[in-house]
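**Q** Shown below is the structure under consideration.
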Amino acid sequence: MTFAYDERYGPAEIALRVQDVARRISIDYPDETVVLIGILKGGAFLTVDLARAIQRPVRVEYIDVLRGSEEEILDFQFVRNFQVAGTDIIIVKDVIRSGITESYLMDQLREEKPRSIRFACLVDRPQERKSSLFADYVLFPSQEGVLVGYGMDYRGIGGCFPFIATVRSAGDAPFGQAPPRTRSGA
């Protein structure tokens, strides 16, 4: 499968935003070890890059969420069990849309008595919220369209692109004919 896309954020711009967010996290948690919980699989890229950029002790954990639909969470599993009580947690996701998944995870984790829970995301779309969730650390706010790259895939491909692009729809002219800064995913 191939698709046309327009690069929106290049690797250098993403790296600068990761550094900015990591600096904020380092300031917000000056003495505590932060636990980054990456939601698989889209949040893996951002989780790793933030862990390397935060200038404080960091632990990295991953969680897999099994969904029936965007609004139906069937189950979630940590890749490995860890002690949640008393920890400062930042849940890391690729895109926060409705906030349903994130709110559910926060409610479940609160039962384990962490010291704090915050959210970091690559792209935040608060206009699509169906909950009162607030994203604390956002690289890129409210982007329209279907995005691909840096962990976000499109129909199973493009997640490993080192940039973020907007997927063109068949209605975009000229679909499949790339302008100078456009590439085709394969």
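In the structure tokens, chains take the letters A, B, ... in the order shown, each chain's residues start at 1, and ligands count up from 1 in the order shown.
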Mind checking which residues fall within 10 Å of region 12-29 of chain A, counting only C-alpha atoms, ignoring those fewer than 4 positions away in the same chain, and posting them as a ChimeraX atom specification?
**A** /A:8,33-34,46-47,49-58,88,90,120-122,136-140,150,162-164
**Q** Between A:Glu61, A:Asp31, A:Asp6, A:Glu144, which one has atoms that come closest to Arg125 (chain A), using only C-alpha atoms?
**A**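 For Arg125 (chain A), the nearest of the candidates is A:Glu144.
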**Q** Residues of region 9-179 of chain A classed as strand (DSSP E or B) by DSSP on the backbone are to be reported as a count of residues only.
**A** 60
**Q** Applying 9 Å and only C-alpha atoms, which residues near Glu102 (chain A) remain after dropping the ones on its own chain fewer than 5 positions away? List them as an MDAnalysis selection string.
**A** chainID A and resid 91 93 96 107 119 133
**Q** Between A:Val148, A:Lys41, A:Arg115, A:Ala135, which is the closest to Thr166 (chain A) once you count only C-alpha atoms?
**A**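 Smallest distance to Thr166 (chain A) is found for A:Val148.
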**Q** Which value, in Å to one decimal, gives the distance between CA of Met152 (chain A) and CA of Arg59 (chain A)?
**A**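 Separation of CA of Met152 (chain A) and CA of Arg59 (chain A): 23.0 Å.
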**Q** Within region 75-146 of chain A, find each residue whose DSSP state, derived from the backbone, is helix (DSSP H, G or I), and express the selection as an NGL selection string.
**A** :A and (100-110 or 126-128)
**Q** Please produce a file of those selected residues containing C-alpha atoms, as a JSON list (two decimals), in the first residue's frame.
**A**
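Below is the file that was written, selection-v5.json:
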[["chain", "number", "residue", "atom", "x", "y", "z"],
["A", 100, "ILE", "CA", -11.74, 8.28, 27.38],
["A", 101, "THR", "CA", -8.79, 5.85, 27.43],
["A", 102, "GLU", "CA", -6.62, 8.25, 29.39],
["A", 103, "SER", "CA", -9.36, 9.01, 31.96],
["A", 104, "TYR", "CA", -9.98, 5.29, 32.45],
["A", 105, "LEU", "CA", -6.26, 4.62, 33.01],
["A", 106, "MET", "CA", -6.00, 7.53, 35.42],
["A", 107, "ASP", "CA", -8.97, 6.24, 37.44],
["A", 108, "GLN", "CA", -7.47, 2.74, 37.60],
["A", 109, "LEU", "CA", -4.00, 4.02, 38.57],
["A", 110, "ARG", "CA", -5.41, 6.35, 41.26],
["A", 126, "PRO", "CA", -8.90, 18.98, 22.92],
["A", 127, "GLN", "CA", -11.69, 19.87, 20.48],
["A", 128, "GLU", "CA", -12.47, 16.11, 20.31]]
**Q** Please compute the CA of Lys130 (chain A)-CA of Leu147 (chain A) distance, one decimal, in Å.
**A**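 Computing the Euclidean distance for CA of Lys130 (chain A) and CA of Leu147 (chain A) yields 20.5 Å.
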**Q** Of the residues A:Arg118, A:Arg168, A:Arg129, A:Arg155, which is the one nearest to Val92 (chain A), using only C-alpha atoms?
**A**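 Smallest separation from Val92 (chain A) among the options: A:Arg118.
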**Q** To one decimal place, how far is CA of Arg97 (chain A) from CA of Glu112 (chain A) in Å?
**A**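 Value for the CA of Arg97 (chain A)-CA of Glu112 (chain A) distance: 25.1 Å.
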**Q** When distances are computed from only C-alpha atoms, which of A:Gly10, A:Pro114, A:Pro30, A:Gly151 shows the smallest separation from Phe45 (chain A)?
**A**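 Using only C-alpha atoms, Phe45 (chain A) sits closest to A:Gly151.
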